[in-house]
>>> print(open('data.pdb').read())   # PDB, C-alpha atoms, pLDDT in the B column
ATOM      1  CA  MET A   1     -20.624 -70.839  33.130  1.00 71.00           C
ATOM      2  CA  THR A   2     -20.775 -68.696  30.049  1.00 83.00           C
ATOM      3  CA  ALA A   3     -23.996 -66.980  29.065  1.00 88.00           C
ATOM      4  CA  ASN A   4     -26.139 -68.712  26.498  1.00 93.00           C
ATOM      5  CA  VAL A   5     -27.091 -66.165  23.827  1.00 96.00           C
ATOM      6  CA  THR A   6     -29.186 -67.123  20.790  1.00 97.00           C
ATOM      7  CA  ILE A   7     -30.269 -64.629  18.125  1.00 97.00           C
ATOM      8  CA  ARG A   8     -32.117 -65.743  15.019  1.00 98.00           C
ATOM      9  CA  ILE A   9     -34.072 -64.078  12.221  1.00 98.00           C
ATOM     10  CA  GLN A  10     -36.106 -66.627  10.288  1.00 98.00           C
ATOM     11  CA  GLN A  11     -39.209 -67.222   8.202  1.00 98.00           C
ATOM     12  CA  ALA A  12     -40.173 -70.398  10.053  1.00 98.00           C
ATOM     13  CA  ASP A  13     -42.217 -70.465  13.228  1.00 98.00           C
ATOM     14  CA  PHE A  14     -40.549 -71.264  16.565  1.00 98.00           C
ATOM     15  CA  ASP A  15     -41.467 -73.586  19.417  1.00 98.00           C
ATOM     16  CA  ILE A  16     -41.393 -71.719  22.733  1.00 97.00           C
ATOM     17  CA  ALA A  17     -40.985 -74.850  24.890  1.00 97.00           C
ATOM     18  CA  GLN A  18     -38.096 -76.069  22.739  1.00 98.00           C
ATOM     19  CA  GLU A  19     -36.345 -72.687  22.904  1.00 98.00           C
ATOM     20  CA  MET A  20     -36.814 -72.528  26.668  1.00 97.00           C
ATOM     21  CA  ALA A  21     -35.379 -76.028  27.060  1.00 97.00           C
ATOM     22  CA  ALA A  22     -32.335 -75.037  24.959  1.00 97.00           C
ATOM     23  CA  LEU A  23     -31.775 -71.945  27.113  1.00 97.00           C
ATOM     24  CA  THR A  24     -31.798 -73.877  30.396  1.00 96.00           C
ATOM     25  CA  LYS A  25     -30.254 -77.177  29.269  1.00 95.00           C
ATOM     26  CA  ALA A  26     -27.598 -78.659  31.572  1.00 92.00           C
ATOM     27  CA  ARG A  27     -27.667 -75.661  33.917  1.00 94.00           C
ATOM     28  CA  THR A  28     -28.580 -75.505  37.576  1.00 95.00           C
ATOM     29  CA  ASP A  29     -27.815 -71.800  38.107  1.00 95.00           C
ATOM     30  CA  ILE A  30     -31.081 -70.521  36.595  1.00 96.00           C
ATOM     31  CA  GLY A  31     -33.937 -69.614  38.909  1.00 97.00           C
ATOM     32  CA  ALA A  32     -36.124 -67.657  36.518  1.00 98.00           C
ATOM     33  CA  VAL A  33     -36.960 -67.587  32.817  1.00 98.00           C
ATOM     34  CA  VAL A  34     -39.208 -64.866  31.410  1.00 98.00           C
ATOM     35  CA  SER A  35     -40.850 -65.456  28.035  1.00 98.00           C
ATOM     36  CA  PHE A  36     -42.430 -62.797  25.836  1.00 98.00           C
ATOM     37  CA  SER A  37     -44.073 -63.680  22.523  1.00 97.00           C
ATOM     38  CA  GLY A  38     -45.474 -61.174  20.078  1.00 97.00           C
ATOM     39  CA  ILE A  39     -48.403 -62.600  18.122  1.00 97.00           C
ATOM     40  CA  CYS A  40     -50.129 -61.373  14.952  1.00 97.00           C
ATOM     41  CA  ARG A  41     -53.578 -59.922  15.751  1.00 95.00           C
ATOM     42  CA  GLY A  42     -56.566 -60.427  13.471  1.00 95.00           C
ATOM     43  CA  SER A  43     -57.579 -56.771  13.643  1.00 92.00           C
ATOM     44  CA  GLU A  44     -56.239 -53.288  14.239  1.00 85.00           C
ATOM     45  CA  GLY A  45     -58.980 -51.262  15.909  1.00 84.00           C
ATOM     46  CA  ASP A  46     -62.082 -52.070  13.851  1.00 86.00           C
ATOM     47  CA  GLU A  47     -60.108 -53.046  10.763  1.00 87.00           C
ATOM     48  CA  PRO A  48     -59.678 -56.779  10.096  1.00 93.00           C
ATOM     49  CA  ILE A  49     -56.171 -57.915   9.118  1.00 94.00           C
ATOM     50  CA  ALA A  50     -55.694 -60.886   6.772  1.00 96.00           C
ATOM     51  CA  ALA A  51     -51.913 -61.053   7.264  1.00 97.00           C
ATOM     52  CA  LEU A  52     -48.752 -59.098   8.041  1.00 97.00           C
ATOM     53  CA  THR A  53     -45.653 -59.180   5.880  1.00 97.00           C
ATOM     54  CA  LEU A  54     -42.430 -58.334   7.658  1.00 98.00           C
ATOM     55  CA  GLU A  55     -39.549 -56.831   5.715  1.00 98.00           C
ATOM     56  CA  HIS A  56     -36.118 -56.393   7.321  1.00 98.00           C
ATOM     57  CA  TYR A  57     -32.585 -55.146   6.721  1.00 98.00           C
ATOM     58  CA  PRO A  58     -30.739 -58.429   7.317  1.00 97.00           C
ATOM     59  CA  ASP A  59     -27.178 -57.311   8.166  1.00 95.00           C
ATOM     60  CA  MET A  60     -28.320 -54.420  10.338  1.00 97.00           C
ATOM     61  CA  ALA A  61     -31.103 -56.354  12.081  1.00 98.00           C
ATOM     62  CA  GLU A  62     -28.632 -58.953  13.309  1.00 95.00           C
ATOM     63  CA  ALA A  63     -26.106 -56.314  14.365  1.00 95.00           C
ATOM     64  CA  GLU A  64     -28.751 -54.225  16.123  1.00 96.00           C
ATOM     65  CA  ILE A  65     -30.235 -57.162  18.050  1.00 97.00           C
ATOM     66  CA  ALA A  66     -26.728 -58.318  19.011  1.00 97.00           C
ATOM     67  CA  ARG A  67     -25.895 -54.830  20.342  1.00 96.00           C
ATOM     68  CA  HIS A  68     -29.057 -54.804  22.459  1.00 96.00           C
ATOM     69  CA  ALA A  69     -28.394 -58.330  23.681  1.00 97.00           C
ATOM     70  CA  GLU A  70     -24.902 -57.224  24.799  1.00 97.00           C
ATOM     71  CA  THR A  71     -26.385 -54.205  26.581  1.00 97.00           C
ATOM     72  CA  ALA A  72     -28.911 -56.434  28.364  1.00 97.00           C
ATOM     73  CA  MET A  73     -26.161 -58.880  29.379  1.00 97.00           C
ATOM     74  CA  SER A  74     -24.079 -56.038  30.807  1.00 97.00           C
ATOM     75  CA  ARG A  75     -26.981 -54.357  32.628  1.00 97.00           C
ATOM     76  CA  TRP A  76     -28.541 -57.377  34.301  1.00 97.00           C
ATOM     77  CA  PRO A  77     -27.026 -60.581  35.737  1.00 97.00           C
ATOM     78  CA  LEU A  78     -28.432 -62.862  33.034  1.00 98.00           C
ATOM     79  CA  THR A  79     -27.375 -66.461  32.461  1.00 97.00           C
ATOM     80  CA  GLY A  80     -28.687 -66.313  28.919  1.00 97.00           C
ATOM     81  CA  LEU A  81     -31.167 -64.871  26.469  1.00 98.00           C
ATOM     82  CA  THR A  82     -32.900 -65.792  23.233  1.00 98.00           C
ATOM     83  CA  VAL A  83     -34.278 -63.428  20.604  1.00 98.00           C
ATOM     84  CA  ILE A  84     -36.063 -64.842  17.550  1.00 98.00           C
ATOM     85  CA  HIS A  85     -37.747 -62.522  15.054  1.00 98.00           C
ATOM     86  CA  ARG A  86     -39.737 -63.858  12.131  1.00 98.00           C
ATOM     87  CA  VAL A  87     -39.894 -62.253   8.679  1.00 98.00           C
ATOM     88  CA  GLY A  88     -42.117 -62.845   5.658  1.00 98.00           C
ATOM     89  CA  ARG A  89     -45.888 -63.351   5.645  1.00 98.00           C
ATOM     90  CA  ILE A  90     -47.493 -64.049   9.014  1.00 98.00           C
ATOM     91  CA  THR A  91     -51.224 -64.673   9.541  1.00 97.00           C
ATOM     92  CA  PRO A  92     -53.346 -63.844  12.628  1.00 97.00           C
ATOM     93  CA  GLY A  93     -52.639 -66.128  15.566  1.00 98.00           C
ATOM     94  CA  GLU A  94     -49.081 -66.864  14.402  1.00 98.00           C
ATOM     95  CA  ASN A  95     -45.951 -65.928  16.344  1.00 98.00           C
ATOM     96  CA  ILE A  96     -43.922 -62.874  15.265  1.00 98.00           C
ATOM     97  CA  VAL A  97     -41.211 -62.498  17.889  1.00 98.00           C
ATOM     98  CA  LEU A  98     -39.838 -64.331  20.918  1.00 98.00           C
ATOM     99  CA  VAL A  99     -37.713 -62.956  23.759  1.00 98.00           C
ATOM    100  CA  LEU A 100     -36.525 -65.259  26.544  1.00 98.00           C
ATOM    101  CA  THR A 101     -34.362 -64.080  29.409  1.00 98.00           C
ATOM    102  CA  ALA A 102     -32.853 -66.327  32.067  1.00 98.00           C
ATOM    103  CA  SER A 103     -31.376 -65.329  35.415  1.00 98.00           C
ATOM    104  CA  GLN A 104     -30.897 -66.515  38.974  1.00 97.00           C
ATOM    105  CA  HIS A 105     -33.749 -64.311  40.131  1.00 96.00           C
ATOM    106  CA  ARG A 106     -36.923 -63.051  38.486  1.00 97.00           C
ATOM    107  CA  GLN A 107     -36.375 -59.292  38.642  1.00 98.00           C
ATOM    108  CA  ALA A 108     -33.431 -59.253  36.230  1.00 98.00           C
ATOM    109  CA  ALA A 109     -35.231 -61.593  33.831  1.00 98.00           C
ATOM    110  CA  PHE A 110     -38.429 -59.486  33.827  1.00 98.00           C
ATOM    111  CA  GLN A 111     -36.585 -56.201  33.346  1.00 98.00           C
ATOM    112  CA  ALA A 112     -34.222 -57.471  30.655  1.00 98.00           C
ATOM    113  CA  ALA A 113     -37.106 -58.976  28.658  1.00 98.00           C
ATOM    114  CA  GLU A 114     -38.998 -55.693  28.753  1.00 97.00           C
ATOM    115  CA  PHE A 115     -35.877 -53.723  27.814  1.00 97.00           C
ATOM    116  CA  LEU A 116     -35.159 -56.015  24.850  1.00 97.00           C
ATOM    117  CA  MET A 117     -38.728 -55.796  23.520  1.00 97.00           C
ATOM    118  CA  ASP A 118     -38.878 -52.003  23.900  1.00 95.00           C
ATOM    119  CA  TYR A 119     -35.581 -51.658  22.025  1.00 94.00           C
ATOM    120  CA  LEU A 120     -36.551 -54.135  19.337  1.00 94.00           C
ATOM    121  CA  LYS A 121     -39.795 -52.292  18.607  1.00 93.00           C
ATOM    122  CA  ALA A 122     -38.165 -48.875  18.330  1.00 92.00           C
ATOM    123  CA  ASN A 123     -34.712 -49.660  16.884  1.00 94.00           C
ATOM    124  CA  ALA A 124     -34.515 -53.003  15.106  1.00 97.00           C
ATOM    125  CA  PRO A 125     -34.896 -52.554  11.327  1.00 98.00           C
ATOM    126  CA  PHE A 126     -38.108 -54.453  10.639  1.00 98.00           C
ATOM    127  CA  TRP A 127     -41.200 -53.072   8.911  1.00 98.00           C
ATOM    128  CA  LYS A 128     -44.723 -54.484   8.928  1.00 97.00           C
ATOM    129  CA  ARG A 129     -47.126 -54.272   6.018  1.00 97.00           C
ATOM    130  CA  GLU A 130     -50.768 -55.112   6.697  1.00 95.00           C
ATOM    131  CA  GLU A 131     -53.136 -56.854   4.331  1.00 95.00           C
ATOM    132  CA  GLY A 132     -56.563 -55.430   5.145  1.00 90.00           C
ATOM    133  CA  ALA A 133     -59.955 -55.185   3.470  1.00 84.00           C
ATOM    134  CA  ALA A 134     -58.892 -52.079   1.520  1.00 84.00           C
ATOM    135  CA  GLY A 135     -55.585 -53.497   0.252  1.00 91.00           C
ATOM    136  CA  THR A 136     -52.112 -53.410   1.755  1.00 93.00           C
ATOM    137  CA  SER A 137     -50.518 -50.596   3.726  1.00 94.00           C
ATOM    138  CA  TRP A 138     -47.365 -50.038   5.762  1.00 95.00           C
ATOM    139  CA  VAL A 139     -47.958 -49.971   9.492  1.00 93.00           C
ATOM    140  CA  ASP A 140     -47.257 -46.561  11.065  1.00 90.00           C
ATOM    141  CA  ALA A 141     -44.749 -46.374  13.896  1.00 87.00           C
ATOM    142  CA  ARG A 142     -46.281 -45.642  17.271  1.00 82.00           C
ATOM    143  CA  HIS A 143     -44.918 -42.768  19.317  1.00 78.00           C
ATOM    144  CA  HIS A 144     -45.388 -44.725  22.520  1.00 79.00           C
ATOM    145  CA  ASP A 145     -42.933 -47.352  21.226  1.00 79.00           C
ATOM    146  CA  ASP A 146     -40.225 -44.675  20.987  1.00 80.00           C
ATOM    147  CA  ALA A 147     -41.168 -43.421  24.452  1.00 82.00           C
ATOM    148  CA  ALA A 148     -41.032 -46.972  25.840  1.00 84.00           C
ATOM    149  CA  ALA A 149     -37.503 -47.423  24.469  1.00 83.00           C
ATOM    150  CA  ALA A 150     -36.366 -43.975  25.655  1.00 84.00           C
ATOM    151  CA  ARG A 151     -37.242 -44.604  29.298  1.00 84.00           C
ATOM    152  CA  TRP A 152     -34.385 -47.145  29.556  1.00 82.00           C
ATOM    153  CA  THR A 153     -31.827 -44.444  28.778  1.00 81.00           C
ATOM    154  CA  LYS A 154     -33.007 -42.076  31.531  1.00 63.00           C
ATOM    155  CA  SER A 155     -30.638 -42.041  34.509  1.00 48.00           C
TER     156      SER A 155
ATOM    157  CA  MET B 156     -21.015 -45.726  -1.899  1.00 95.00           C
ATOM    158  CA  LYS B 157     -23.850 -48.217  -1.769  1.00 98.00           C
ATOM    159  CA  VAL B 158     -27.285 -46.870  -0.834  1.00 98.00           C
ATOM    160  CA  LYS B 159     -30.112 -49.157   0.307  1.00 98.00           C
ATOM    161  CA  TYR B 160     -33.811 -48.415   0.686  1.00 98.00           C
ATOM    162  CA  PHE B 161     -36.410 -50.264   2.724  1.00 98.00           C
ATOM    163  CA  ALA B 162     -40.207 -50.491   3.134  1.00 98.00           C
ATOM    164  CA  TRP B 163     -42.107 -47.566   1.567  1.00 97.00           C
ATOM    165  CA  VAL B 164     -38.900 -45.662   0.806  1.00 98.00           C
ATOM    166  CA  ARG B 165     -37.883 -48.624  -1.387  1.00 98.00           C
ATOM    167  CA  GLU B 166     -41.334 -48.821  -2.982  1.00 98.00           C
ATOM    168  CA  ARG B 167     -41.458 -45.107  -3.787  1.00 98.00           C
ATOM    169  CA  ILE B 168     -37.964 -45.056  -5.312  1.00 98.00           C
ATOM    170  CA  GLY B 169     -38.602 -48.310  -7.136  1.00 98.00           C
ATOM    171  CA  LYS B 170     -35.334 -49.998  -6.240  1.00 97.00           C
ATOM    172  CA  ALA B 171     -33.814 -51.693  -3.222  1.00 98.00           C
ATOM    173  CA  GLU B 172     -30.227 -50.499  -3.687  1.00 98.00           C
ATOM    174  CA  GLU B 173     -27.869 -48.644  -5.970  1.00 98.00           C
ATOM    175  CA  THR B 174     -24.364 -47.238  -6.071  1.00 98.00           C
ATOM    176  CA  VAL B 175     -24.065 -43.455  -6.073  1.00 97.00           C
ATOM    177  CA  GLU B 176     -21.181 -40.976  -6.341  1.00 96.00           C
ATOM    178  CA  PRO B 177     -22.425 -37.743  -4.762  1.00 97.00           C
ATOM    179  CA  PRO B 178     -20.351 -34.573  -5.301  1.00 97.00           C
ATOM    180  CA  ALA B 179     -17.903 -33.415  -2.616  1.00 95.00           C
ATOM    181  CA  ASN B 180     -20.273 -30.769  -1.220  1.00 97.00           C
ATOM    182  CA  VAL B 181     -22.638 -33.553  -0.084  1.00 98.00           C
ATOM    183  CA  ARG B 182     -21.145 -34.030   3.366  1.00 98.00           C
ATOM    184  CA  THR B 183     -23.874 -35.174   5.761  1.00 98.00           C
ATOM    185  CA  VAL B 184     -26.758 -37.652   5.747  1.00 98.00           C
ATOM    186  CA  ASP B 185     -29.110 -34.685   5.417  1.00 97.00           C
ATOM    187  CA  ASP B 186     -27.115 -33.381   2.415  1.00 98.00           C
ATOM    188  CA  LEU B 187     -27.366 -36.812   0.806  1.00 98.00           C
ATOM    189  CA  ILE B 188     -31.169 -36.863   1.258  1.00 98.00           C
ATOM    190  CA  GLY B 189     -31.324 -33.443  -0.408  1.00 97.00           C
ATOM    191  CA  TRP B 190     -29.082 -34.553  -3.270  1.00 98.00           C
ATOM    192  CA  LEU B 191     -31.003 -37.808  -3.823  1.00 98.00           C
ATOM    193  CA  SER B 192     -34.299 -35.868  -3.779  1.00 97.00           C
ATOM    194  CA  GLY B 193     -33.061 -33.957  -6.818  1.00 97.00           C
ATOM    195  CA  ARG B 194     -32.607 -37.119  -8.880  1.00 96.00           C
ATOM    196  CA  GLY B 195     -36.237 -37.333  -9.970  1.00 97.00           C
ATOM    197  CA  GLU B 196     -39.871 -37.418  -8.958  1.00 97.00           C
ATOM    198  CA  ALA B 197     -39.692 -40.866  -7.375  1.00 98.00           C
ATOM    199  CA  TYR B 198     -36.851 -39.734  -5.088  1.00 98.00           C
ATOM    200  CA  ALA B 199     -38.569 -36.440  -4.284  1.00 98.00           C
ATOM    201  CA  TYR B 200     -41.705 -38.407  -3.295  1.00 98.00           C
ATOM    202  CA  ALA B 201     -39.736 -40.869  -1.128  1.00 98.00           C
ATOM    203  CA  PHE B 202     -37.950 -38.046   0.697  1.00 98.00           C
ATOM    204  CA  GLU B 203     -40.830 -35.519   0.731  1.00 97.00           C
ATOM    205  CA  LYS B 204     -40.829 -35.534   4.559  1.00 95.00           C
ATOM    206  CA  PRO B 205     -37.103 -35.793   5.368  1.00 94.00           C
ATOM    207  CA  LYS B 206     -37.726 -35.569   9.138  1.00 93.00           C
ATOM    208  CA  VAL B 207     -39.597 -38.890   9.011  1.00 95.00           C
ATOM    209  CA  ILE B 208     -36.747 -40.706   7.259  1.00 97.00           C
ATOM    210  CA  ARG B 209     -34.316 -42.738   9.391  1.00 97.00           C
ATOM    211  CA  ALA B 210     -30.778 -43.503   8.261  1.00 98.00           C
ATOM    212  CA  ALA B 211     -28.051 -46.005   9.035  1.00 98.00           C
ATOM    213  CA  ILE B 212     -24.387 -45.990   8.071  1.00 98.00           C
ATOM    214  CA  ASP B 213     -22.679 -49.373   7.911  1.00 97.00           C
ATOM    215  CA  HIS B 214     -25.533 -51.011   9.866  1.00 97.00           C
ATOM    216  CA  ALA B 215     -25.742 -48.512  12.753  1.00 96.00           C
ATOM    217  CA  HIS B 216     -28.369 -45.799  13.279  1.00 97.00           C
ATOM    218  CA  VAL B 217     -27.126 -42.260  12.575  1.00 98.00           C
ATOM    219  CA  LYS B 218     -28.512 -38.733  12.948  1.00 97.00           C
ATOM    220  CA  PRO B 219     -29.136 -36.409   9.966  1.00 97.00           C
ATOM    221  CA  ASP B 220     -26.024 -34.312  10.715  1.00 97.00           C
ATOM    222  CA  THR B 221     -23.664 -37.321  10.624  1.00 98.00           C
ATOM    223  CA  MET B 222     -20.826 -37.009   8.080  1.00 98.00           C
ATOM    224  CA  ILE B 223     -20.976 -39.603   5.308  1.00 98.00           C
ATOM    225  CA  ALA B 224     -17.257 -39.608   4.448  1.00 95.00           C
ATOM    226  CA  GLY B 225     -15.874 -43.150   4.561  1.00 95.00           C
ATOM    227  CA  ALA B 226     -19.301 -44.812   4.607  1.00 97.00           C
ATOM    228  CA  ARG B 227     -19.513 -48.074   2.679  1.00 97.00           C
ATOM    229  CA  GLU B 228     -23.283 -48.515   2.936  1.00 98.00           C
ATOM    230  CA  ILE B 229     -25.967 -45.963   3.764  1.00 98.00           C
ATOM    231  CA  ALA B 230     -29.570 -47.057   4.255  1.00 98.00           C
ATOM    232  CA  PHE B 231     -32.768 -44.991   4.312  1.00 98.00           C
ATOM    233  CA  PHE B 232     -36.029 -46.275   5.764  1.00 98.00           C
ATOM    234  CA  PRO B 233     -39.197 -45.261   7.617  1.00 97.00           C
ATOM    235  CA  PRO B 234     -39.512 -45.523  11.413  1.00 96.00           C
ATOM    236  CA  MET B 235     -39.302 -49.169  12.413  1.00 96.00           C
ATOM    237  CA  THR B 236     -42.368 -51.266  13.191  1.00 95.00           C
ATOM    238  CA  GLY B 237     -40.981 -54.673  14.170  1.00 94.00           C
ATOM    239  CA  GLY B 238     -41.455 -56.645  17.337  1.00 90.00           C
TER     240      GLY B 238
END
>>> encode(input="data.pdb", output="structure tokens")
Amino acid sequence: MTANVTIRIQQADFDIAQEMAALTKARTDIGAVVSFSGICRGSEGDEPIAALTLEHYPDMAEAEIARHAETAMSRWPLTGLTVIHRVGRITPGENIVLVLTASQHRQAAFQAAEFLMDYLKANAPFWKREEGAAGTSWVDARHHDDAAAARWTKS
Amino acid sequence: MKVKYFAWVRERIGKAEETVEPPANVRTVDDLIGWLSGRGEAYAYAFEKPKVIRAAIDHAHVKPDTMIAGAREIAFFPPMTGG
């Protein structure tokens, strides 16, 4: 059977159970699905956050996620994957991103999900702006996100 | 060529995209940053720390020494913070 790849960038929220059902529908060759969701926190350190606004570079974001999806498909024996990234204004407790990976066995699904998230954080063209008590500010990139992505390219 | 700006680079320059015709001696991404920086205070502010700025040519990440010849669309933005 062909792999089931879904990539979407959208303002609307997503339903994890519905996405998981779509990924596994009518298949009996899947033994493991790993699900990662990124959720908007209500604070950063001691600073409360009222909301995040996500800006993106539409054409490049789709191309970049598709490239990483292809890499994941070629590196691990996946039967399918789903990546959904939200844009626009997102309030604490709401979903930001979803990665689902499906495989015959758990190891490939776990590793591919972690790879996809590390690459998304460091390389997919999205930018977060925080609304805090002192106004709005762009979120700084974290060095450990770059390091997390880089470890997948080492030998 | 079309140039696009995102996040605080866009805010500092005050526009999301424009079409530019740099002179022939502007050969690399780094050269283009230098040339754009000379277009006014807003540009100089956006590109004040060129090492922080990331670039993409035709929707793929590129390094500062990449040649820009043949590029249809070049984008400049801060390090990414999605996910």
>>> resolve_selection(input="data.pdb", expression="the ChimeraX specification (/A :<9) & /B", output="JSON list (two decimals) with C-alpha atoms, keeping the file's coordinate frame")
[["chain", "number", "residue", "atom", "x", "y", "z"],
["B", 161, "PHE", "CA", -36.41, -50.26, 2.72],
["B", 162, "ALA", "CA", -40.21, -50.49, 3.13],
["B", 163, "TRP", "CA", -42.11, -47.57, 1.57],
["B", 211, "ALA", "CA", -28.05, -46.00, 9.04],
["B", 213, "ASP", "CA", -22.68, -49.37, 7.91],
["B", 214, "HIS", "CA", -25.53, -51.01, 9.87],
["B", 215, "ALA", "CA", -25.74, -48.51, 12.75],
["B", 216, "HIS", "CA", -28.37, -45.80, 13.28],
["B", 230, "ALA", "CA", -29.57, -47.06, 4.26],
["B", 232, "PHE", "CA", -36.03, -46.28, 5.76],
["B", 233, "PRO", "CA", -39.20, -45.26, 7.62],
["B", 234, "PRO", "CA", -39.51, -45.52, 11.41],
["B", 235, "MET", "CA", -39.30, -49.17, 12.41],
["B", 236, "THR", "CA", -42.37, -51.27, 13.19],
["B", 237, "GLY", "CA", -40.98, -54.67, 14.17],
["B", 238, "GLY", "CA", -41.46, -56.64, 17.34]]
>>> atom_distance(input="data.pdb", atom1="CA of Gln107 (chain A)", atom2="CA of His144 (chain A)")
23.5 Å
>>> residues_around(input="data.pdb", residues="Ala133 (chain A)", least_positions_apart="6", cutoff="10 Å", atoms="all atoms listed in the file", output="PyMOL selection string")
chain A and resi 47-50
>>> resolve_selection(input="data.pdb", expression="the PyMOL selection byres ((chain B and resi 176-191) around 8)", output="number ranges by chain")
B: 156, 174-175, 192-194, 198-199, 202, 205, 210, 218-224
>>> atom_distance(input="data.pdb", atom1="CA of Asp29 (chain A)", atom2="CA of Leu100 (chain A)")
15.9 Å
>>> residues_around(input="data.pdb", residues="Arg106 (chain A)", least_positions_apart="4", cutoff="8 Å", atoms="only C-alpha atoms", output="list in words")
Gly31, Ala32, Val33, Val34 and Phe110 of chain A
>>> atom_distance(input="data.pdb", atom1="CA of Thr2 (chain A)", atom2="CA of Ala66 (chain A)")
16.3 Å
>>> closest_residue(input="data.pdb", among="A:Val83, A:Cys40, A:Ala69, A:Ala149", to="Ile9 (chain A)", atoms="all atoms listed in the file")
A:Val83
>>> resolve_selection(input="data.pdb", expression="the PyMOL selection byres ((chain A and resi 90) around 7)", output="PDB file with C-alpha atoms, in the coordinates of the input")
ATOM      1  CA  ALA A  51     -51.913 -61.053   7.264  1.00 97.00           C
ATOM      2  CA  LEU A  52     -48.752 -59.098   8.041  1.00 97.00           C
ATOM      3  CA  THR A  53     -45.653 -59.180   5.880  1.00 97.00           C
ATOM      4  CA  GLY A  88     -42.117 -62.845   5.658  1.00 98.00           C
ATOM      5  CA  ARG A  89     -45.888 -63.351   5.645  1.00 98.00           C
ATOM      6  CA  THR A  91     -51.224 -64.673   9.541  1.00 97.00           C
ATOM      7  CA  PRO A  92     -53.346 -63.844  12.628  1.00 97.00           C
ATOM      8  CA  GLU A  94     -49.081 -66.864  14.402  1.00 98.00           C
TER       9      GLU A  94
END
>>> closest_residue(input="data.pdb", among="A:Thr136, A:Lys25, A:Ala112, A:His105", to="Ser74 (chain A)", atoms="all atoms listed in the file")
A:Ala112
>>> closest_residue(input="data.pdb", among="A:Ala108, A:Ser43, A:Asn4, A:Ser35", to="Ile16 (chain A)", atoms="all atoms listed in the file")
A:Ser35
>>> decode(input="data.pdb", residues="region 68-108 of chain A", atoms="C-alpha atoms", output="mmCIF file, in the first residue's frame")
data_model
loop_
_atom_site.group_PDB
_atom_site.id
_atom_site.type_symbol
_atom_site.label_atom_id
_atom_site.label_comp_id
_atom_site.auth_asym_id
_atom_site.auth_seq_id
_atom_site.Cartn_x
_atom_site.Cartn_y
_atom_site.Cartn_z
ATOM 1 C CA HIS A 68 11.244 16.830 5.694
ATOM 2 C CA ALA A 69 8.313 14.464 5.274
ATOM 3 C CA GLU A 70 10.089 12.890 2.268
ATOM 4 C CA THR A 71 13.297 12.552 4.289
ATOM 5 C CA ALA A 72 11.390 10.876 7.132
ATOM 6 C CA MET A 73 9.671 8.500 4.688
ATOM 7 C CA SER A 74 13.023 7.529 3.181
ATOM 8 C CA ARG A 75 14.804 7.107 6.530
ATOM 9 C CA TRP A 76 12.225 5.045 8.387
ATOM 10 C CA PRO A 77 9.761 2.364 7.221
ATOM 11 C CA LEU A 78 6.658 4.505 7.745
ATOM 12 C CA THR A 79 3.193 3.664 6.447
ATOM 13 C CA GLY A 80 2.173 7.293 6.732
ATOM 14 C CA LEU A 81 2.560 10.611 8.485
ATOM 15 C CA THR A 82 0.562 13.739 9.221
ATOM 16 C CA VAL A 83 1.904 17.224 9.898
ATOM 17 C CA ILE A 84 -0.517 20.048 10.719
ATOM 18 C CA HIS A 85 0.785 23.474 11.724
ATOM 19 C CA ARG A 86 -1.550 26.254 12.780
ATOM 20 C CA VAL A 87 -1.022 29.952 12.031
ATOM 21 C CA GLY A 88 -2.704 33.108 13.309
ATOM 22 C CA ARG A 89 -3.627 33.922 16.909
ATOM 23 C CA ILE A 90 -3.518 31.024 19.359
ATOM 24 C CA THR A 91 -4.394 31.295 23.066
ATOM 25 C CA PRO A 92 -2.973 29.254 25.987
ATOM 26 C CA GLY A 93 -4.228 25.681 26.044
ATOM 27 C CA GLU A 94 -4.848 25.622 22.280
ATOM 28 C CA ASN A 95 -3.041 23.331 19.843
ATOM 29 C CA ILE A 96 -0.207 24.739 17.700
ATOM 30 C CA VAL A 97 1.212 21.758 15.837
ATOM 31 C CA LEU A 98 0.489 18.070 15.293
ATOM 32 C CA VAL A 99 2.853 15.343 14.087
ATOM 33 C CA LEU A 100 1.591 11.783 13.638
ATOM 34 C CA THR A 101 3.779 8.965 12.394
ATOM 35 C CA ALA A 102 2.573 5.456 11.603
ATOM 36 C CA SER A 103 4.646 2.314 11.147
ATOM 37 C CA GLN A 104 4.586 -1.437 11.631
ATOM 38 C CA HIS A 105 6.682 -1.103 14.766
ATOM 39 C CA ARG A 106 7.045 1.598 17.401
ATOM 40 C CA GLN A 107 10.730 2.463 17.047
ATOM 41 C CA ALA A 108 10.422 3.942 13.553
#
